[in-house]
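One file, my_file.txt, carrying compact mmCIF, C-alpha atoms and all ligand atoms:
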```txt
# COMPACT_ATOMS: atom_id res chain seq x y z
CA MET A 531 155.48 93.90 19.48
CA LYS A 532 152.03 95.46 19.20
CA SER A 533 150.33 95.52 15.82
CA ALA A 534 149.28 98.85 14.31
CA THR A 535 145.64 98.26 15.31
CA GLU A 536 146.58 97.63 18.96
CA MET A 537 148.53 100.84 19.33
CA ILE A 538 146.91 103.72 21.12
CA SER A 539 147.46 107.20 19.74
CA LEU A 540 147.58 110.27 21.96
CA SER A 541 144.22 111.45 20.54
CA GLN A 542 142.60 108.10 21.36
CA TYR A 543 144.16 108.11 24.81
CA LEU A 544 142.77 111.59 25.52
CA ILE A 545 139.29 110.60 24.39
CA GLU A 546 139.40 107.46 26.55
CA GLU A 547 140.53 109.49 29.55
CA GLN A 548 137.78 112.01 28.88
CA LEU A 549 135.14 109.26 28.78
CA LYS A 550 136.21 108.14 32.27
CA LEU A 551 135.10 111.51 33.65
CA PRO A 552 131.33 111.92 33.47
CA TYR A 553 131.55 115.70 33.89
CA ALA A 554 134.25 116.23 31.21
CA THR A 555 133.23 118.59 28.43
CA GLY A 556 135.91 117.71 25.88
CA ASP A 557 137.50 121.17 26.15
CA PHE A 558 140.78 119.77 27.47
CA THR A 559 140.90 117.09 24.76
CA ALA A 560 140.35 119.75 22.11
CA LEU A 561 143.07 121.97 23.61
CA MET A 562 145.48 119.04 23.61
CA ASN A 563 144.73 118.28 19.98
CA HIS A 564 145.88 121.80 19.08
CA LEU A 565 149.00 121.29 21.16
CA VAL A 566 149.70 117.99 19.39
CA TYR A 567 149.35 119.66 16.02
CA ALA A 568 151.86 122.39 16.96
CA ALA A 569 154.23 119.77 18.40
CA LYS A 570 154.21 117.82 15.14
CA VAL A 571 154.95 120.91 13.07
CA VAL A 572 157.77 122.05 15.37
CA SER A 573 159.18 118.51 15.35
CA ARG A 574 159.21 118.60 11.56
CA GLU A 575 161.02 121.95 11.58
CA VAL A 576 163.57 120.78 14.18
CA ARG A 577 164.28 117.72 12.04
CA LYS A 578 165.14 119.84 9.02
CA ALA A 579 166.90 122.62 10.96
CA GLY A 580 170.33 121.72 9.66
CA LEU A 581 169.12 121.84 6.09
CA THR A 582 168.30 125.46 5.78
CA ASP A 583 169.87 128.73 6.78
CA THR A 584 166.50 130.36 7.14
CA ILE A 585 165.88 128.25 10.24
CA LEU A 586 169.34 127.54 11.61
CA GLY A 587 171.33 130.27 13.32
CA ALA A 588 170.74 133.13 15.71
CA THR A 589 168.67 136.22 15.07
CA SER A 590 170.06 139.60 16.11
CA GLU A 591 167.31 139.97 18.70
CA THR A 592 167.33 139.12 22.38
CA ASN A 593 164.37 137.86 24.43
CA VAL A 594 163.10 139.22 27.75
CA GLN A 595 165.87 137.40 29.65
CA GLY A 596 168.52 139.18 27.55
CA GLU A 597 169.51 135.95 25.81
CA THR A 598 170.04 135.65 22.07
CA GLN A 599 166.94 134.24 20.45
CA MET A 600 167.47 131.55 17.88
CA LYS A 601 165.32 131.51 14.76
CA LEU A 602 163.83 128.18 15.67
CA ASP A 603 162.83 129.55 19.12
CA ARG A 604 160.90 132.29 17.40
CA TYR A 605 159.26 129.84 15.03
CA ALA A 606 158.19 127.53 17.87
CA ASP A 607 156.95 130.48 19.90
CA ILE A 608 154.78 131.78 17.06
CA LEU A 609 153.43 128.35 16.26
CA PHE A 610 152.48 127.30 19.81
CA THR A 611 151.08 130.77 20.52
CA LYS A 612 148.88 130.62 17.45
CA ALA A 613 147.72 127.03 17.92
CA LEU A 614 146.79 127.52 21.57
CA SER A 615 145.44 131.06 21.48
CA ILE A 616 142.86 130.32 18.79
CA CYS A 617 141.84 126.86 19.99
CA GLY A 618 138.87 128.28 21.90
CA HIS A 619 139.78 126.69 25.24
CA VAL A 620 142.50 128.97 26.56
CA CYS A 621 141.95 132.38 28.20
CA VAL A 622 145.54 133.63 28.49
CA LEU A 623 149.07 132.41 27.70
CA ALA A 624 152.64 133.06 28.84
CA SER A 625 155.76 132.21 26.88
CA GLU A 626 159.42 132.34 27.84
CA GLU A 627 159.97 134.35 24.69
CA GLN A 628 157.36 137.05 25.41
CA GLU A 629 157.62 139.59 28.18
CA THR A 630 153.96 140.03 28.98
CA ILE A 631 150.89 137.82 28.94
CA ILE A 632 149.55 136.75 25.56
CA GLU A 633 145.88 137.54 25.08
CA ILE A 634 143.41 135.70 22.86
CA PRO A 635 143.11 137.48 19.50
CA SER A 636 139.80 139.27 18.99
CA GLY A 637 137.13 137.22 17.33
CA TYR A 638 138.22 133.95 18.96
CA LYS A 639 136.48 132.14 21.78
CA ILE A 640 137.97 132.57 25.23
CA GLY A 641 138.17 129.35 27.22
CA LYS A 642 138.76 128.17 30.75
CA TYR A 643 142.42 127.10 30.70
CA THR A 644 145.73 128.96 30.96
CA PHE A 645 148.75 127.83 28.98
CA ALA A 646 152.34 128.66 30.02
CA PHE A 647 155.20 127.36 27.92
CA ASP A 648 158.83 127.40 26.98
CA PRO A 649 158.63 126.99 23.20
CA LEU A 650 162.12 125.63 22.67
CA ASP A 651 164.08 124.92 25.79
CA GLY A 652 167.82 124.29 25.57
CA SER A 653 167.97 126.40 22.45
CA SER A 654 171.71 127.00 22.77
CA ASN A 655 171.95 123.37 21.59
CA ILE A 656 170.07 123.84 18.31
CA ASP A 657 173.11 124.54 16.17
CA SER A 658 174.89 121.45 17.48
CA ASN A 659 172.09 119.01 16.66
CA VAL A 660 171.57 118.20 20.34
CA SER A 661 168.17 117.34 21.88
CA ILE A 662 165.88 120.24 22.74
CA GLY A 663 162.30 120.41 23.95
CA THR A 664 159.06 122.28 24.57
CA ILE A 665 157.71 122.48 28.13
CA PHE A 666 154.08 123.30 28.98
CA SER A 667 151.90 123.88 32.00
CA ILE A 668 148.09 124.09 32.04
CA HIS A 669 145.91 125.51 34.82
CA LEU A 670 142.23 126.19 35.16
CA ARG A 671 141.56 129.94 35.21
CA LYS A 672 140.65 131.66 38.49
CA SER A 673 138.96 134.73 37.02
CA PRO A 674 135.34 134.50 35.83
CA MET A 675 134.61 132.85 32.49
CA GLY A 676 133.56 134.81 29.45
CA ARG A 677 136.28 137.46 29.50
CA MET A 678 140.00 137.63 28.74
CA GLY A 679 142.25 135.88 31.23
CA VAL A 680 144.62 137.98 33.35
CA GLU A 681 148.15 137.55 34.69
CA SER A 682 146.94 136.22 38.04
CA ASP A 683 145.30 133.31 36.21
CA LEU A 684 148.80 132.22 35.26
CA LEU A 685 150.41 132.89 38.63
CA GLN A 686 149.14 129.74 40.31
CA GLN A 687 150.90 127.10 42.38
CA GLY A 688 152.27 124.13 40.50
CA ASN A 689 150.20 121.68 42.51
CA LEU A 690 147.09 123.14 40.88
CA GLN A 691 148.26 122.21 37.37
CA ARG A 692 145.65 120.36 35.35
CA CYS A 693 148.31 119.06 33.03
CA ALA A 694 152.06 119.41 32.67
CA GLY A 695 154.41 117.94 30.14
CA TYR A 696 157.10 118.29 27.56
CA ILE A 697 157.88 117.42 23.99
CA LEU A 698 161.39 116.10 23.52
CA TYR A 699 162.91 116.49 20.07
CA GLY A 700 165.53 113.79 20.50
CA SER A 701 166.54 110.74 18.54
CA SER A 702 162.77 110.40 18.28
CA THR A 703 160.13 112.95 19.21
CA MET A 704 158.25 112.17 22.42
CA MET A 705 155.49 113.79 24.38
CA VAL A 706 155.51 113.06 28.10
CA LEU A 707 152.62 114.33 30.18
CA SER A 708 150.64 114.04 33.36
CA THR A 709 147.11 115.08 34.16
CA GLY A 710 147.63 114.20 37.80
CA ASN A 711 147.13 110.49 37.34
CA GLY A 712 150.66 109.23 36.73
CA VAL A 713 152.99 109.96 33.84
CA VAL A 714 152.59 108.66 30.30
CA GLY A 715 154.83 108.94 27.26
CA PHE A 716 154.01 108.94 23.56
CA THR A 717 156.49 108.58 20.72
CA LEU A 718 155.87 110.23 17.37
CA ASP A 719 155.76 107.63 14.61
CA PRO A 720 156.89 109.58 11.54
CA SER A 721 155.41 106.98 9.20
CA CYS A 722 151.82 107.72 10.28
CA GLY A 723 152.33 111.12 11.92
CA GLU A 724 150.80 110.04 15.22
CA PHE A 725 152.05 110.11 18.79
CA LEU A 726 151.70 106.48 19.95
CA LEU A 727 151.58 105.33 23.55
CA SER A 728 155.08 103.97 24.19
CA HIS A 729 155.50 104.47 27.95
CA GLU A 730 152.29 103.51 29.76
CA SER A 731 153.18 104.41 33.32
CA ILE A 732 156.53 106.05 33.90
CA LYS A 733 157.99 105.62 37.37
CA ILE A 734 161.32 107.17 38.20
CA PRO A 735 163.65 104.67 39.92
CA GLU A 736 163.84 105.33 43.70
CA SER A 737 167.55 106.00 43.39
CA GLY A 738 170.00 106.30 40.54
CA SER A 739 173.65 106.76 39.75
CA ILE A 740 173.41 109.84 37.50
CA TYR A 741 173.90 113.43 38.62
CA SER A 742 173.31 116.33 36.25
CA ILE A 743 174.62 119.79 36.99
CA ASN A 744 176.66 122.42 35.15
CA GLU A 745 179.84 121.72 37.09
CA GLY A 746 181.64 124.56 35.35
CA ASN A 747 179.78 126.79 37.82
CA TYR A 748 181.39 125.06 40.84
CA ASP A 749 183.11 128.20 42.10
CA PHE A 750 179.81 130.07 42.10
CA TRP A 751 177.92 127.61 44.34
CA SER A 752 177.20 127.74 48.05
CA ASP A 753 179.39 125.67 50.39
CA SER A 754 176.58 123.16 50.91
CA VAL A 755 176.15 122.44 47.17
CA LYS A 756 179.92 122.20 46.72
CA ALA A 757 180.19 119.74 49.62
CA TYR A 758 177.28 117.65 48.31
CA ILE A 759 178.87 117.35 44.87
CA ARG A 760 182.20 116.38 46.43
CA LYS A 761 180.36 113.82 48.53
CA ILE A 762 178.57 112.11 45.63
CA LYS A 763 181.81 112.08 43.67
CA ASN A 764 183.32 110.40 46.72
CA ILE A 765 186.44 112.48 46.45
CA GLU A 766 187.08 111.99 50.19
CA ASN A 767 186.34 108.27 50.67
CA ASN A 768 187.16 106.74 47.31
CA ASN A 769 183.91 104.84 46.84
CA LYS A 770 182.36 104.39 43.42
CA PRO A 771 181.41 107.90 42.29
CA LYS A 772 178.12 108.81 40.67
CA THR A 773 178.14 109.38 36.92
CA LEU A 774 177.92 112.92 35.56
CA ARG A 775 175.58 113.37 32.60
CA TYR A 776 174.73 116.92 31.54
CA ILE A 777 173.32 117.95 28.18
CA GLY A 778 172.33 121.51 29.03
CA SER A 779 168.77 120.99 27.78
CA LEU A 780 166.47 120.62 30.77
CA VAL A 781 164.00 118.45 28.85
CA ALA A 782 166.67 116.01 27.74
CA ASP A 783 168.47 115.92 31.11
CA PHE A 784 165.18 115.50 32.97
CA HIS A 785 163.91 112.82 30.58
CA ARG A 786 167.05 110.70 30.87
CA ASN A 787 166.99 110.90 34.67
CA LEU A 788 163.25 110.13 34.71
CA LEU A 789 163.86 106.86 32.90
CA LYS A 790 167.19 105.90 34.47
CA GLY A 791 167.08 107.48 37.91
CA GLY A 792 169.34 110.15 39.33
CA ILE A 793 169.32 113.79 40.29
CA PHE A 794 169.26 117.07 38.34
CA LEU A 795 170.46 120.24 40.04
CA TYR A 796 170.41 123.89 39.02
CA PRO A 797 171.40 125.75 42.20
CA GLU A 798 171.74 129.48 42.72
CA ASP A 799 174.91 131.31 41.86
CA THR A 800 176.19 132.87 45.06
CA LYS A 801 179.31 134.52 43.62
CA SER A 802 179.15 135.85 40.09
CA LYS A 803 175.47 136.75 40.69
CA ILE A 804 174.53 135.99 37.11
CA TYR A 805 171.76 133.72 38.44
CA PRO A 806 171.44 134.68 42.12
CA LEU A 807 168.04 132.96 42.35
CA GLY A 808 168.81 130.05 40.02
CA LYS A 809 168.51 130.08 36.26
CA LEU A 810 165.35 128.13 35.52
CA ARG A 811 161.96 129.73 35.29
CA LEU A 812 159.32 128.63 37.81
CA LEU A 813 156.18 128.87 35.71
CA TYR A 814 157.10 127.02 32.54
CA GLU A 815 160.26 125.08 33.43
CA ALA A 816 160.53 124.07 37.09
CA SER A 817 156.84 123.77 37.94
CA PRO A 818 155.79 121.42 35.08
CA MET A 819 158.93 119.31 35.61
CA ALA A 820 158.18 119.14 39.34
CA PHE A 821 154.63 117.98 38.60
CA LEU A 822 155.97 115.20 36.36
CA ALA A 823 158.67 114.24 38.87
CA GLU A 824 156.17 113.86 41.71
CA GLN A 825 153.65 112.06 39.54
CA ALA A 826 156.41 109.59 38.61
CA GLY A 827 157.25 109.02 42.30
CA GLY A 828 160.19 111.42 42.46
CA MET A 829 160.71 114.79 44.12
CA ALA A 830 161.38 118.40 43.14
CA ILE A 831 162.55 121.03 45.62
CA THR A 832 164.46 124.29 45.75
CA VAL A 833 168.01 124.32 47.05
CA ASP A 834 166.53 125.28 50.45
CA GLY A 835 164.29 122.24 50.52
CA GLU A 836 160.99 123.92 49.64
CA ARG A 837 158.62 121.92 47.47
CA ILE A 838 158.54 123.49 43.99
CA LEU A 839 154.83 122.71 43.59
CA ASP A 840 154.00 124.79 46.69
CA ALA A 841 155.71 127.94 45.41
CA VAL A 842 153.32 130.78 44.66
CA PRO A 843 154.59 132.62 41.56
CA THR A 844 154.70 136.38 41.77
CA SER A 845 155.80 137.14 38.22
CA LEU A 846 155.69 135.43 34.84
CA HIS A 847 159.41 134.96 34.36
CA GLN A 848 160.53 134.42 37.94
CA ARG A 849 163.49 132.14 38.43
CA THR A 850 164.04 129.39 40.93
CA THR A 851 166.62 126.85 41.95
CA LEU A 852 165.67 123.29 41.07
CA ILE A 853 166.74 119.97 42.54
CA THR A 854 164.73 117.10 41.08
CA GLY A 855 164.87 113.40 40.41
CA SER A 856 164.75 110.10 42.28
CA LYS A 857 163.20 110.31 45.74
CA LYS A 858 166.16 108.89 47.62
CA GLU A 859 168.65 111.09 45.78
CA VAL A 860 166.73 114.30 46.46
CA GLU A 861 166.22 113.27 50.11
CA PHE A 862 169.94 112.63 50.45
CA PHE A 863 170.68 116.08 48.98
CA LEU A 864 168.35 117.60 51.57
CA ASP A 865 169.80 115.69 54.51
CA TYR A 866 173.38 116.21 53.51
CA THR A 867 173.13 119.92 52.82
CA LYS A 868 171.18 120.60 56.05
CA GLN A 869 174.33 120.36 58.19
CA PHE A 870 175.84 123.37 56.40
CA LYS A 871 172.82 125.56 57.02
CA LYS A 872 172.66 125.41 60.86
P1 LIG A 901 166.81 128.32 27.80
O1 LIG A 901 165.38 128.28 28.21
O2 LIG A 901 167.27 129.69 27.47
O3 LIG A 901 167.15 127.31 26.76
O4 LIG A 901 167.67 127.98 29.15
C1 LIG A 901 167.29 126.95 29.95
C2 LIG A 901 168.32 125.88 29.84
C3 LIG A 901 167.85 124.55 30.36
O5 LIG A 901 167.35 123.77 29.33
C4 LIG A 901 169.11 123.94 30.92
O6 LIG A 901 168.82 123.06 31.98
C5 LIG A 901 169.89 125.13 31.36
O7 LIG A 901 169.40 126.24 30.68
C6 LIG A 901 171.34 125.01 31.06
O8 LIG A 901 171.99 126.10 31.57
P2 LIG A 901 173.59 126.20 31.62
O9 LIG A 901 174.04 126.40 30.23
O10 LIG A 901 173.84 127.37 32.50
O11 LIG A 901 174.09 124.93 32.23
MG MG A 902 164.01 127.42 28.77
```

Mind turning this structure into structure tokens?
Amino acid sequence: MKSATEMISLSQYLIEEQLKLPYATGDFTALMNHLVYAAKVVSREVRKAGLTDTILGATSETNVQGETQMKLDRYADILFTKALSICGHVCVLASEEQETIIEIPSGYKIGKYTFAFDPLDGSSNIDSNVSIGTIFSIHLRKSPMGRMGVESDLLQQGNLQRCAGYILYGSSTMMVLSTGNGVVGFTLDPSCGEFLLSHESIKIPESGSIYSINEGNYDFWSDSVKAYIRKIKNIENNNKPKTLRYIGSLVADFHRNLLKGGIFLYPEDTKSKIYPLGKLRLLYEASPMAFLAEQAGGMAITVDGERILDAVPTSLHQRTTLITGSKKEVEFFLDYTKQFKK
């Protein structure tokens, strides 16, 4: 076990990474320090959620997707918005909980990065004490410096992300991120209040036995997705089936599969048409997860086999299908489902 002096905190890690780049200005490190601060505060609030009625429970309001907003969602949204919009290094933000772009409040410096986020993903799980998370995606702005960022600064392909990651409020709080140079994970040590490097280089196993999908939606899927699920369950040939694990919090489902190997699927709904294009949002759910998956050696595609990171977003809250996980599992999904699409 490493001694306290040997452990690297997230702040130290960021400074060390910054020093490796001669042209780095420190702006990104400063932005991340604001993100870390907000993550710690939200983690603290999540930990005490069951203790107080003022945090736990639903508000009477709905967000832009028409879903009931939980109080903790609102809290996380306000906190991350504030921390990132006044940090001096962001020019425009987008949040799952806010319909339009979030501008930098007057009087604050406008920076060169964009910040898109889902403040508290999997929020239907809050009341049940199940893992939830925050997902974020950072791009470099396209519009000229010195003025407010605009929506098109946010509508960039995932492969142009400067950083993507998530904070998982699970049995411990973790931050997993990539700046395009592999995937690293930090675990929050509550005794010193620091995120410490716990996962130096995360690689997703090439294949894995877990599949994660909301199987209650079976009747709504396309024939190809139905056949694929039947195939991996080996209903026809009686081989050892894969194991179903589904939490219903993308961050938690993705994190488990990242460490253990497997496949996560959220296909489109072809029948009830509740989610005809898939449920997950491209900008601040699928795209950052796809970046992490690829950086860890895995894959992330749409149900039609298109690379998520190549998708050009056309609106802030656009939805997409998402198939992600171990390389061999995603490739098998692609190969197997192809025969139904001829
Ligand atoms: P949310 O952003 O409103 O919390 O919804 C996104 C969540 C994901 O975390 C999860 O993968 C998915 O919705 C679960 O959806 P379902 O309940 O349809 O299985
Ligand atoms: Mg979400």

Shell of 7 Å around ligand MG 902 (chain A) (all atoms listed in the file), written as a count of residues only: 7

Atomic distance CA of Ile853 in chain A - CA of Leu795 in chain A, expressed in Å with one decimal: 4.5 Å

Who sits within 8 Å of Ala816 in chain A, only C-alpha atoms, same chain under 6 positions skipped, as a VMD selection string: chain A and resid 810 838 850 852

Which residues are near Gln548 in chain A? Cut-off 12 Å, all atoms listed in the file, ignore same chain within fewer than 6 positions. Put them as a short mmCIF file (atom, residue, chain, number, x, y, z; two decimals) with C-alpha atoms, in the coordinates of the input.
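Result file selection_32.cif:
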```cif
data_model
loop_
_atom_site.label_atom_id
_atom_site.label_comp_id
_atom_site.auth_asym_id
_atom_site.auth_seq_id
_atom_site.Cartn_x
_atom_site.Cartn_y
_atom_site.Cartn_z
CA SER A 541 144.22 111.45 20.54
CA GLN A 542 142.60 108.10 21.36
CA ALA A 554 134.25 116.23 31.21
CA THR A 555 133.23 118.59 28.43
CA GLY A 556 135.91 117.71 25.88
CA ASP A 557 137.50 121.17 26.15
CA PHE A 558 140.78 119.77 27.47
CA THR A 559 140.90 117.09 24.76
CA ALA A 560 140.35 119.75 22.11
CA MET A 562 145.48 119.04 23.61
CA THR A 709 147.11 115.08 34.16
#
```

Surroundings of ligand LIG 901 (chain A) up to 10 Å, based on only C-alpha atoms and all ligand atoms, as a ChimeraX atom specification: /A:593,595-600,603,626-627,648-656,661-665,742-747,776-784,794-796,804-805,808-811,814-816,852

Range 719-736 of chain A environment, 9 Å, all atoms listed in the file, sequence neighbours closer than 2 positions dropped, as a PyMOL selection string: chain A and resi 537-541+543+566+570+702-706+712-717+738+787-792+823+825-828+855-859

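Shortest atom-to-atom contact with Glu547 in chain A among A:Asn711, A:Ser752, A:Ile759, A:Asn563: A:Asn711, counting only C-alpha atoms.
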
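From CA of Cys693 in chain A back to CA of Glu681 in chain A, the distance works out to 18.6 Å.
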
Centre, edges in Å (one decimal): axis-aligned box, range 822-833 of chain A, 5 Å padding on all six sides, as lines of an AutoDock Vina configuration file:
```
center_x = 160.8
center_y = 116.7
center_z = 41.7
size_x = 24.4
size_y = 25.3
size_z = 20.7
```

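Coordinates place CA of Ala606 in chain A at a distance of 17.6 Å from CA of Val622 in chain A.
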
Env of Gln686 in chain A: 7 Å cut, atoms = all atoms listed in the file, seq-sep filter 4 positions within chain, self excluded. Answer as a compact mmCIF listing (two decimals) with C-alpha atoms, keeping the file's coordinate frame.
```
# COMPACT_ATOMS: atom_id res chain seq x y z
CA LEU A 690 147.09 123.14 40.88
CA VAL A 842 153.32 130.78 44.66
CA PRO A 843 154.59 132.62 41.56
```

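Nearest to Leu670 in chain A of all the residues A:Asn689, A:Asn764, A:Leu609, A:Ser658 is A:Asn689, counting only C-alpha atoms.
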
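You can rank A:Met678, A:Asn769, A:Ser737, A:Val572 by their closest distance to Ile793 in chain A using only C-alpha atoms, and at the top of that list sits A:Ser737.
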